[in-house]
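This is query_1.csv. It holds CSV, C-alpha atoms.
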```
chain,number,residue,atom,x,y,z
A,1,MET,CA,123.1,133.2,48.7
A,2,PRO,CA,123.4,129.6,50.0
A,3,ASN,CA,126.8,128.6,51.3
A,4,LEU,CA,128.4,125.4,52.3
A,5,PRO,CA,129.7,125.5,55.9
A,6,LEU,CA,133.0,123.7,56.5
A,7,GLY,CA,131.9,122.3,59.9
A,8,LEU,CA,130.0,122.9,63.1
A,9,TRP,CA,131.4,124.0,66.5
A,10,ARG,CA,132.1,121.0,68.9
A,11,ASP,CA,131.2,118.5,66.2
A,12,LYS,CA,134.5,116.6,66.3
A,13,ASP,CA,133.5,113.7,64.0
A,14,ASN,CA,131.2,115.8,61.7
A,15,SER,CA,128.2,113.6,62.5
A,16,VAL,CA,126.0,116.6,63.4
A,17,TYR,CA,127.2,118.4,60.3
A,18,ARG,CA,126.3,115.4,58.0
A,19,GLU,CA,123.0,114.9,59.7
A,20,LYS,CA,122.0,118.6,59.4
A,21,TYR,CA,123.1,119.2,55.8
A,22,PHE,CA,123.4,115.9,54.0
A,23,ALA,CA,120.8,113.5,55.6
A,24,LYS,CA,117.6,114.6,53.8
A,25,TYR,CA,119.1,113.9,50.3
A,26,PRO,CA,122.1,111.5,50.8
A,27,GLY,CA,125.2,112.9,49.2
A,28,LYS,CA,123.6,116.3,48.4
A,29,PHE,CA,124.0,119.5,50.4
A,30,ASN,CA,120.6,120.8,51.7
A,31,LEU,CA,119.9,123.9,53.9
A,32,SER,CA,116.3,122.7,54.6
A,33,ASP,CA,114.9,126.0,53.4
A,34,TYR,CA,112.0,126.1,51.0
A,35,GLY,CA,112.3,127.7,47.6
A,36,ILE,CA,109.9,128.6,44.8
A,37,ILE,CA,111.0,128.2,41.2
A,38,ASN,CA,109.3,130.8,38.9
A,39,PRO,CA,107.9,128.7,36.0
A,40,PHE,CA,108.6,131.5,33.5
A,41,THR,CA,112.0,133.0,34.5
A,42,ARG,CA,113.3,129.8,36.3
A,43,GLY,CA,114.5,132.2,39.0
A,44,ILE,CA,114.5,130.8,42.6
A,45,MET,CA,113.1,132.6,45.6
A,46,ILE,CA,114.3,131.2,48.9
A,47,CYS,CA,111.7,131.2,51.6
A,48,CYS,CA,111.7,130.6,55.4
A,49,ARG,CA,115.2,132.1,56.2
A,50,SER,CA,115.8,133.1,59.7
A,51,ASP,CA,115.7,136.8,60.5
A,52,ASP,CA,118.3,136.8,63.2
A,53,THR,CA,121.2,134.9,64.8
A,54,LEU,CA,121.1,134.4,68.5
A,55,LYS,CA,124.2,134.4,70.7
A,56,GLN,CA,123.5,133.0,74.1
A,57,ARG,CA,126.4,132.4,76.6
A,58,GLY,CA,128.8,132.6,73.6
A,59,CYS,CA,126.9,129.9,71.6
A,60,ARG,CA,125.9,131.3,68.2
A,61,PHE,CA,122.9,129.7,66.5
A,62,GLY,CA,119.9,130.3,64.2
A,63,SER,CA,116.3,130.1,65.3
A,64,SER,CA,115.7,127.5,62.7
A,65,GLU,CA,117.9,125.1,64.6
A,66,ILE,CA,115.6,125.4,67.5
A,67,TYR,CA,112.4,125.2,65.4
A,68,SER,CA,113.5,122.0,63.7
A,69,ILE,CA,113.5,120.3,67.1
A,70,VAL,CA,110.7,122.1,69.0
A,71,ASN,CA,108.2,121.9,66.2
A,72,THR,CA,108.4,118.0,66.4
A,73,ILE,CA,107.3,118.0,70.0
A,74,PRO,CA,103.7,116.7,70.4
A,75,GLY,CA,101.4,119.5,71.3
A,76,VAL,CA,103.5,122.3,69.9
A,77,ILE,CA,101.9,123.8,66.7
A,78,ASP,CA,104.5,126.5,66.2
A,79,SER,CA,107.3,128.4,68.0
A,80,LEU,CA,109.3,131.6,67.8
A,81,CYS,CA,112.8,132.1,69.2
A,82,VAL,CA,114.4,135.6,69.7
A,83,SER,CA,117.0,137.4,71.7
A,84,GLN,CA,116.5,139.5,74.7
A,85,TYR,CA,119.2,141.9,76.0
A,86,ASN,CA,119.9,143.4,79.4
A,87,LYS,CA,121.4,146.8,80.1
A,88,ASN,CA,125.0,145.2,79.9
A,89,LYS,CA,124.1,143.9,76.4
A,90,ASP,CA,124.1,140.3,77.7
A,91,GLU,CA,121.9,138.2,75.5
A,92,ARG,CA,119.6,135.3,76.3
A,93,ALA,CA,117.3,133.3,74.0
A,94,VAL,CA,113.6,133.4,74.6
A,95,LEU,CA,111.4,130.7,73.1
A,96,PHE,CA,107.7,131.2,72.7
A,97,LEU,CA,105.5,128.1,72.1
A,98,LYS,CA,102.1,128.1,70.4
A,99,MET,CA,100.2,125.0,71.6
A,100,LYS,CA,97.8,122.8,69.6
A,101,SER,CA,94.2,122.8,70.8
A,102,GLY,CA,93.7,120.3,73.6
A,103,TYR,CA,97.4,120.4,74.7
A,104,SER,CA,98.6,122.4,77.7
A,105,PHE,CA,101.9,124.3,78.4
A,106,ASN,CA,103.4,122.9,81.5
A,107,ASP,CA,106.7,122.1,83.3
A,108,LYS,CA,106.9,118.6,81.8
A,109,LEU,CA,106.7,120.1,78.3
A,110,VAL,CA,109.4,122.7,79.1
A,111,ASN,CA,111.6,119.9,80.5
A,112,ASP,CA,111.0,117.7,77.4
A,113,ILE,CA,112.0,120.6,75.2
A,114,ARG,CA,115.2,121.3,77.2
A,115,VAL,CA,116.2,117.6,77.0
A,116,ALA,CA,115.5,117.4,73.2
A,117,ILE,CA,117.5,120.5,72.4
A,118,THR,CA,120.4,119.4,74.6
A,119,GLN,CA,120.4,115.9,72.9
A,120,GLU,CA,120.1,117.2,69.4
A,121,LEU,CA,122.4,120.3,69.8
A,122,THR,CA,124.1,121.2,73.0
A,123,PRO,CA,123.1,122.5,76.5
A,124,ASP,CA,124.2,126.0,75.4
A,125,HIS,CA,121.5,126.0,72.7
A,126,VAL,CA,118.6,125.6,75.2
A,127,PRO,CA,116.8,128.9,75.5
A,128,ASP,CA,117.0,130.5,79.0
A,129,VAL,CA,113.3,131.3,78.9
A,130,ILE,CA,110.5,129.2,77.5
A,131,LEU,CA,107.0,130.7,77.5
A,132,GLU,CA,103.6,130.1,75.9
A,133,THR,CA,102.1,132.5,73.4
A,134,LYS,CA,98.6,132.5,71.9
A,135,ASP,CA,99.8,133.6,68.5
A,136,ILE,CA,102.9,134.2,66.3
A,137,PRO,CA,103.2,137.1,63.9
A,138,PHE,CA,103.8,136.5,60.2
A,139,ASN,CA,104.3,138.5,57.1
A,140,LEU,CA,102.6,138.1,53.7
A,141,ASN,CA,105.1,135.4,52.7
A,142,SER,CA,104.3,133.4,55.8
A,143,LYS,CA,107.7,134.3,57.4
A,144,LYS,CA,107.8,134.6,61.2
A,145,MET,CA,108.3,138.2,62.2
A,146,GLU,CA,111.2,137.5,64.6
A,147,ILE,CA,112.7,141.0,64.5
A,148,VAL,CA,109.4,142.7,65.4
A,149,VAL,CA,109.0,140.5,68.5
A,150,LYS,CA,112.6,140.9,69.4
A,151,LYS,CA,112.1,144.7,69.3
A,152,ILE,CA,109.0,144.5,71.4
A,153,ILE,CA,110.5,142.4,74.2
A,154,ASN,CA,113.6,144.7,74.2
A,155,LYS,CA,111.4,147.8,74.4
A,156,MET,CA,112.6,149.2,71.1
A,157,PRO,CA,110.5,151.0,68.4
A,158,TYR,CA,109.1,148.7,65.8
A,159,ASN,CA,107.1,148.8,62.6
A,160,ASP,CA,104.1,146.4,62.3
A,161,GLU,CA,103.1,147.3,58.7
A,162,MET,CA,104.3,144.0,57.3
A,163,VAL,CA,102.6,141.9,59.9
A,164,ILE,CA,99.5,140.3,58.5
A,165,ASN,CA,98.1,139.4,62.0
A,166,PRO,CA,99.1,142.5,64.0
A,167,GLU,CA,96.7,141.5,66.8
A,168,SER,CA,99.3,138.7,67.6
A,169,LEU,CA,101.8,141.4,68.8
A,170,LYS,CA,99.8,142.1,71.9
A,171,HIS,CA,101.0,138.8,73.4
A,172,PHE,CA,104.6,140.0,73.5
A,173,HIS,CA,104.2,143.2,75.5
A,174,GLU,CA,105.0,143.5,79.2
A,175,ILE,CA,105.6,139.8,79.8
A,176,PRO,CA,106.3,139.4,83.6
A,177,GLU,CA,108.9,136.6,83.1
A,178,LEU,CA,110.9,138.9,80.9
A,179,GLN,CA,111.0,141.9,83.2
A,180,GLY,CA,114.2,142.7,85.1
A,181,PHE,CA,116.7,140.9,82.9
```
For the structure just supplied, provide its representation as C-alpha cells.
Amino acid sequence: MPNLPLGLWRDKDNSVYREKYFAKYPGKFNLSDYGIINPFTRGIMICCRSDDTLKQRGCRFGSSEIYSIVNTIPGVIDSLCVSQYNKNKDERAVLFLKMKSGYSFNDKLVNDIRVAITQELTPDHVPDVILETKDIPFNLNSKKMEIVVKKIINKMPYNDEMVINPESLKHFHEIPELQGF
C-alpha cells in the first residue's frame, strides 16, 4: 500500500523530499512506481517495487533510489543493486551495471557514478562495490530479481523458477571482487 513519508534523513530543508515525491506532478505525491489499471475491475496493480532495502554503513535506502540515478548515466542500459553480508553480518551494497553496446565499463564510469550518487543522495548511498554484468535476471512481470542475486552472492540457496532468463544468473556466481568480504 502506498504511504506518504514525513521526511527524509538529513534533508533539513525538505528539498530532496519535495524533489523525490512532488516534482514529477507539482503539488501531487508520486512514488514513481508504475501501475496498471484493470479496465474492467478498475483495480490497480503496482509494478516495479523494490524487493529489498539496503543498509550500508547505517544508511538505509532502496535500490530504486540508486537506479533512478545510475540508469541516466550514458552507456548504462540497466543496473541491479543488492546487499552482500560478511560473517559478522556487516552489510555493503553491490551495484551491477549492464552496459549499452559500444560503451565500456571503466574507472571513469565508476567515478562518475560515485559522484552522481553523492550529489543526488549522500556519500553513504554510494555502493561499496560497482561491477559490470552481462545480464540482469527478470521475472514474468519484468521485475528485477534482486533477491535471487542477493542469495547467490551471499552463497545462500535460491529458487530460479520465476526467472525468465535463468542463464543470466551465471554472471553472479563466484565473482572474484566479492570474495573475502
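In terms of minimum interatomic distance to Arg92 (chain A), A:Leu178 ranks closest within A:Leu178, A:Ile66, A:Ile136, A:Ile77, counting all atoms listed in the file.
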Pull the closest atom pair for each residue of region 10-91 of chain A that gets at most 12 Å from region 156-175 of chain A, along with the distance in Å to one decimal, counting all atoms listed in the file, ordering rows by chain and then ascending residue number, as a Markdown table.
```
| residue | atom | partner | partner_atom | distance |
| --- | --- | --- | --- | --- |
| A:Leu80 | CA | A:Phe172 | CA | 11.2 |
| A:Val82 | CA | A:Phe172 | CA | 11.4 |
| A:Gln84 | CA | A:Met156 | CA | 11.1 |
| A:Tyr85 | CA | A:Met156 | CA | 11.0 |
```
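Atom pair CA of Lys144 (chain A) / CA of Asn71 (chain A): separated by 13.7 Å.
Proximity to Glu120 (chain A) was assessed for A:Pro5, A:Tyr67, A:Arg57, A:Gly43 counting all atoms listed in the file; the smallest distance is recorded for A:Tyr67.
Closest approach to Ser68 (chain A) among A:Lys55, A:Ala93, A:Gly102, A:Leu121 is made by A:Leu121 (distances from all atoms listed in the file).
Interatomic distance, CA of Phe105 (chain A) against CA of Ile117 (chain A): 17.1 Å.
You will find CA of Leu6 (chain A) at 27.2 Å from CA of Ile37 (chain A).
Counting all atoms listed in the file and comparing A:Ser15, A:Gln56, A:Asn88, A:Pro137, the residue that lies closest to Phe181 (chain A) is A:Asn88.
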Contacts of Asp107 (chain A) at 12 Å (only C-alpha atoms; same-chain gap of 3+ positions) as a count of residues only
9
Name all residues at most 12 Å from Glu19 (chain A) (count only C-alpha atoms; drop same-chain ones fewer than 2 positions away) and give them as a short mmCIF file (atom, residue, chain, number, x, y, z; two decimals) with C-alpha atoms, keeping the file's coordinate frame.
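Written out: part.cif:
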```
data_model
loop_
_atom_site.label_atom_id
_atom_site.label_comp_id
_atom_site.auth_asym_id
_atom_site.auth_seq_id
_atom_site.Cartn_x
_atom_site.Cartn_y
_atom_site.Cartn_z
CA GLY A 7 131.90 122.30 59.90
CA LEU A 8 130.00 122.90 63.10
CA ASP A 11 131.20 118.50 66.20
CA ASP A 13 133.50 113.70 64.00
CA ASN A 14 131.20 115.80 61.70
CA SER A 15 128.20 113.60 62.50
CA VAL A 16 126.00 116.60 63.40
CA TYR A 17 127.20 118.40 60.30
CA TYR A 21 123.10 119.20 55.80
CA PHE A 22 123.40 115.90 54.00
CA ALA A 23 120.80 113.50 55.60
CA LYS A 24 117.60 114.60 53.80
CA TYR A 25 119.10 113.90 50.30
CA PRO A 26 122.10 111.50 50.80
CA GLY A 27 125.20 112.90 49.20
CA LYS A 28 123.60 116.30 48.40
CA PHE A 29 124.00 119.50 50.40
CA ASN A 30 120.60 120.80 51.70
CA LEU A 31 119.90 123.90 53.90
CA SER A 32 116.30 122.70 54.60
CA GLU A 120 120.10 117.20 69.40
CA LEU A 121 122.40 120.30 69.80
#
```
For a cut-off of 6 Å around (101.5, 125.8, 71.5), file coordinates, pick out all residues using all atoms listed in the file and list them as an NGL selection string.
:A and (76-77 or 97-100)
Min atom-atom distance to Ser101 (chain A) from the set A:Gly58, A:Gly75, A:Asn141, A:Ile147, counting all atoms listed in the file, belongs to A:Gly75
Add whatever atoms are absent from region 68-81 of chain A to reach N, CA and C atoms, and provide the output as a JSON list (two decimals), keeping the file's coordinate frame.
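Output file rebuild-v6.json follows:
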```json
[["chain", "number", "residue", "atom", "x", "y", "z"],
["A", 68, "SER", "N", 113.50, 123.36, 64.29],
["A", 68, "SER", "CA", 113.50, 122.00, 63.70],
["A", 68, "SER", "C", 113.36, 120.93, 64.81],
["A", 69, "ILE", "N", 113.69, 121.27, 66.03],
["A", 69, "ILE", "CA", 113.50, 120.30, 67.10],
["A", 69, "ILE", "C", 112.19, 120.54, 67.84],
["A", 70, "VAL", "N", 111.91, 121.78, 68.20],
["A", 70, "VAL", "CA", 110.70, 122.10, 69.00],
["A", 70, "VAL", "C", 109.43, 121.79, 68.26],
["A", 71, "ASN", "N", 109.40, 122.05, 66.97],
["A", 71, "ASN", "CA", 108.20, 121.90, 66.20],
["A", 71, "ASN", "C", 107.82, 120.39, 65.97],
["A", 72, "THR", "N", 108.68, 119.48, 66.44],
["A", 72, "THR", "CA", 108.40, 118.00, 66.40],
["A", 72, "THR", "C", 107.79, 117.53, 67.69],
["A", 73, "ILE", "N", 107.79, 118.37, 68.71],
["A", 73, "ILE", "CA", 107.30, 118.00, 70.00],
["A", 73, "ILE", "C", 105.77, 117.90, 69.99],
["A", 74, "PRO", "N", 105.18, 116.79, 70.41],
["A", 74, "PRO", "CA", 103.70, 116.70, 70.40],
["A", 74, "PRO", "C", 103.09, 117.84, 71.23],
["A", 75, "GLY", "N", 102.08, 118.45, 70.66],
["A", 75, "GLY", "CA", 101.40, 119.50, 71.30],
["A", 75, "GLY", "C", 101.81, 120.91, 70.91],
["A", 76, "VAL", "N", 103.01, 121.03, 70.32],
["A", 76, "VAL", "CA", 103.50, 122.30, 69.90],
["A", 76, "VAL", "C", 103.10, 122.50, 68.39],
["A", 77, "ILE", "N", 102.32, 123.54, 68.12],
["A", 77, "ILE", "CA", 101.90, 123.80, 66.70],
["A", 77, "ILE", "C", 102.91, 124.72, 66.03],
["A", 78, "ASP", "N", 103.55, 125.62, 66.80],
["A", 78, "ASP", "CA", 104.50, 126.50, 66.20],
["A", 78, "ASP", "C", 105.37, 127.14, 67.34],
["A", 79, "SER", "N", 106.47, 127.78, 66.96],
["A", 79, "SER", "CA", 107.30, 128.40, 68.00],
["A", 79, "SER", "C", 108.04, 129.60, 67.36],
["A", 80, "LEU", "N", 108.58, 130.43, 68.25],
["A", 80, "LEU", "CA", 109.30, 131.60, 67.80],
["A", 80, "LEU", "C", 110.43, 131.83, 68.85],
["A", 81, "CYS", "N", 111.66, 131.97, 68.36],
["A", 81, "CYS", "CA", 112.80, 132.10, 69.20],
["A", 81, "CYS", "C", 113.55, 133.42, 68.89]]
```
